[in-house]
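Source file: target19.pdb (PDB, C-alpha atoms)
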```
ATOM      1  CA  ILE A 551      15.493  11.585  -5.331  1.00  0.00           C
ATOM      2  CA  LEU A 552      15.763  10.013  -8.756  1.00  0.00           C
ATOM      3  CA  LEU A 553      13.718   6.958  -9.772  1.00  0.00           C
ATOM      4  CA  LEU A 554      15.315   4.954 -12.570  1.00  0.00           C
ATOM      5  CA  ASP A 555      14.250   1.990 -14.624  1.00  0.00           C
ATOM      6  CA  GLY A 556      16.620  -0.874 -15.295  1.00  0.00           C
ATOM      7  CA  HIS A 557      18.245   0.545 -18.433  1.00  0.00           C
ATOM      8  CA  ILE A 558      21.938  -0.323 -18.629  1.00  0.00           C
ATOM      9  CA  THR A 559      23.081   3.309 -19.065  1.00  0.00           C
ATOM     10  CA  TYR A 560      21.967   4.176 -15.539  1.00  0.00           C
ATOM     11  CA  TYR A 561      24.409   1.649 -14.121  1.00  0.00           C
ATOM     12  CA  LYS A 562      27.515   3.147 -15.720  1.00  0.00           C
ATOM     13  CA  GLU A 563      30.099   4.437 -13.294  1.00  0.00           C
ATOM     14  CA  ASP A 564      30.210   8.009 -14.641  1.00  0.00           C
ATOM     15  CA  PHE A 565      26.479   8.484 -14.047  1.00  0.00           C
ATOM     16  CA  THR A 566      26.733   7.021 -10.575  1.00  0.00           C
ATOM     17  CA  ILE A 567      29.554   9.420  -9.750  1.00  0.00           C
ATOM     18  CA  LYS A 568      27.460  12.386 -10.938  1.00  0.00           C
ATOM     19  CA  TYR A 569      24.561  11.320  -8.709  1.00  0.00           C
ATOM     20  CA  TYR A 570      26.922  11.141  -5.767  1.00  0.00           C
ATOM     21  CA  GLU A 571      28.637  14.470  -6.517  1.00  0.00           C
ATOM     22  CA  HIS A 572      25.299  16.293  -6.678  1.00  0.00           C
ATOM     23  CA  HIS A 573      23.874  14.567  -3.583  1.00  0.00           C
ATOM     24  CA  ILE A 574      21.166  12.805  -5.597  1.00  0.00           C
ATOM     25  CA  ILE A 575      19.717   9.635  -4.166  1.00  0.00           C
ATOM     26  CA  SER A 576      18.900   7.199  -6.942  1.00  0.00           C
ATOM     27  CA  PHE A 577      16.605   4.215  -6.742  1.00  0.00           C
ATOM     28  CA  LYS A 578      16.961   1.691  -9.533  1.00  0.00           C
ATOM     29  CA  PHE A 579      14.054  -0.592 -10.328  1.00  0.00           C
ATOM     30  CA  PRO A 580      13.739  -3.449 -12.803  1.00  0.00           C
ATOM     31  CA  SER A 581      12.657  -2.161 -16.213  1.00  0.00           C
ATOM     32  CA  HIS A 582       9.281  -3.924 -16.024  1.00  0.00           C
ATOM     33  CA  PHE A 583       8.531  -2.393 -12.615  1.00  0.00           C
ATOM     34  CA  ILE A 584       8.640   1.368 -13.330  1.00  0.00           C
ATOM     35  CA  HIS A 585       5.143   1.460 -14.888  1.00  0.00           C
ATOM     36  CA  ILE A 586       3.748   1.079 -11.376  1.00  0.00           C
ATOM     37  CA  PHE A 587       4.802   4.687 -10.716  1.00  0.00           C
ATOM     38  CA  GLN A 588       2.766   6.075 -13.633  1.00  0.00           C
ATOM     39  CA  PRO A 589      -0.107   7.196 -11.344  1.00  0.00           C
ATOM     40  CA  LEU A 590       2.378   9.447  -9.527  1.00  0.00           C
ATOM     41  CA  ASN A 591       3.005  11.343 -12.766  1.00  0.00           C
ATOM     42  CA  VAL A 592      -0.672  12.181 -13.065  1.00  0.00           C
ATOM     43  CA  GLY A 593      -1.735  12.485  -9.440  1.00  0.00           C
ATOM     44  CA  VAL A 594       1.311  13.994  -7.738  1.00  0.00           C
ATOM     45  CA  PHE A 595       4.022  15.263 -10.037  1.00  0.00           C
ATOM     46  CA  TRP A 596       1.861  16.997 -12.644  1.00  0.00           C
ATOM     47  CA  PRO A 597      -0.053  19.169 -10.130  1.00  0.00           C
ATOM     48  CA  TRP A 598       3.194  20.001  -8.330  1.00  0.00           C
ATOM     49  CA  LYS A 599       4.837  21.039 -11.615  1.00  0.00           C
ATOM     50  CA  HIS A 600       1.781  23.099 -12.568  1.00  0.00           C
ATOM     51  CA  TYR A 601       1.738  25.102  -9.321  1.00  0.00           C
ATOM     52  CA  TYR A 602       5.523  25.395  -9.278  1.00  0.00           C
ATOM     53  CA  ASN A 603       5.500  26.962 -12.757  1.00  0.00           C
ATOM     54  CA  GLN A 604       2.812  29.463 -11.694  1.00  0.00           C
ATOM     55  CA  ALA A 605       4.887  30.701  -8.748  1.00  0.00           C
TER
END
```
Could you write out this structure as structure tokens?
Amino acid sequence: ILLLDGHITYYKEDFTIKYYEHHIISFKFPSHFIHIFQPLNVGVFWPWKHYYNQA
């Protein structure tokens, strides 16, 4: 799963094809909306990355 902000480069066809080829599900949000996910970086993703790197 890939969460994307509304930057124009994420909407180009070559990137979309790469997502599809690698079986990546992308969710595109408006650029002013992505800051809502910031708590996930601290509360979910950082601890997961920490323990993953220790393994």
Give me, as a ChimeraX atom specification, all polymer residues having an atom no more than 7 Å from stretch 566-583 of chain A, counting all atoms listed in the file and skipping those fewer than 4 positions away in the same chain.
/A:551-557,561-562
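Relative to atom CA of A:Phe587, atom CA of A:Phe565 is found at 22.3 Å.
A straight line drawn from atom CA of A:Glu563 to atom CA of A:Ile584 is 21.7 Å long.
Take atom CA of A:Asn603 and atom CA of A:Leu590: the distance between them is 18.1 Å.
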Find the axis-aligned box for stretch 569-580 of chain A, covering all its listed atoms and adding 6 Å on each side, and write its centre and edge lengths in Å to one decimal as AutoDock Vina command-line options.
```
--center_x 21.2 --center_y 6.4 --center_z -8.2 --size_x 26.9 --size_y 31.7 --size_z 21.2
```
Starting from the structure just given, write a file holding chain A with C-alpha atoms, as a tab-separated table (two decimals), in the first residue's frame.
```
chain	number	residue	atom	x	y	z
A	551	ILE	CA	0.00	0.00	0.00
A	552	LEU	CA	1.34	3.39	-0.98
A	553	LEU	CA	-0.15	6.64	0.35
A	554	LEU	CA	0.48	9.62	-1.92
A	555	ASP	CA	-0.17	13.31	-1.66
A	556	GLY	CA	-1.63	15.24	-4.56
A	557	HIS	CA	1.65	16.08	-6.30
A	558	ILE	CA	1.29	16.03	-10.08
A	559	THR	CA	4.19	13.58	-10.62
A	560	TYR	CA	2.26	10.78	-8.93
A	561	TYR	CA	-0.45	11.02	-11.57
A	562	LYS	CA	1.84	10.42	-14.55
A	563	GLU	CA	1.10	7.30	-16.53
A	564	ASP	CA	4.57	5.75	-16.19
A	565	PHE	CA	4.36	5.81	-12.39
A	566	THR	CA	0.88	4.36	-12.44
A	567	ILE	CA	2.06	1.53	-14.67
A	568	LYS	CA	4.93	0.76	-12.27
A	569	TYR	CA	2.50	0.57	-9.33
A	570	TYR	CA	0.36	-1.84	-11.29
A	571	GLU	CA	3.28	-3.99	-12.48
A	572	HIS	CA	4.57	-4.42	-8.93
A	573	HIS	CA	1.12	-5.06	-7.44
A	574	ILE	CA	1.22	-1.88	-5.36
A	575	ILE	CA	-2.07	-0.37	-4.31
A	576	SER	CA	-1.83	3.41	-4.30
A	577	PHE	CA	-4.14	5.82	-2.55
A	578	LYS	CA	-3.92	9.42	-3.70
A	579	PHE	CA	-5.05	12.17	-1.36
A	580	PRO	CA	-5.30	15.92	-1.87
A	581	SER	CA	-2.01	17.62	-1.03
A	582	HIS	CA	-3.49	19.43	1.98
A	583	PHE	CA	-4.86	16.17	3.42
A	584	ILE	CA	-1.71	14.05	3.88
A	585	HIS	CA	-0.64	15.81	7.11
A	586	ILE	CA	-3.45	13.95	8.85
A	587	PHE	CA	-1.35	10.78	8.54
A	588	GLN	CA	1.63	12.27	10.39
A	589	PRO	CA	0.70	10.53	13.69
A	590	LEU	CA	1.07	7.19	11.89
A	591	ASN	CA	4.72	7.99	11.19
A	592	VAL	CA	5.41	8.40	14.89
A	593	GLY	CA	3.01	5.92	16.45
A	594	VAL	CA	2.96	3.04	13.95
A	595	PHE	CA	5.57	3.18	11.23
A	596	TRP	CA	8.57	4.25	13.31
A	597	PRO	CA	8.25	1.42	15.88
A	598	TRP	CA	7.66	-1.09	13.09
A	599	LYS	CA	10.77	0.11	11.24
A	600	HIS	CA	12.80	0.00	14.46
A	601	TYR	CA	11.90	-3.62	15.27
A	602	TYR	CA	12.19	-4.66	11.63
A	603	ASN	CA	15.77	-3.33	11.48
A	604	GLN	CA	16.68	-5.22	14.68
A	605	ALA	CA	15.52	-8.55	13.25
```
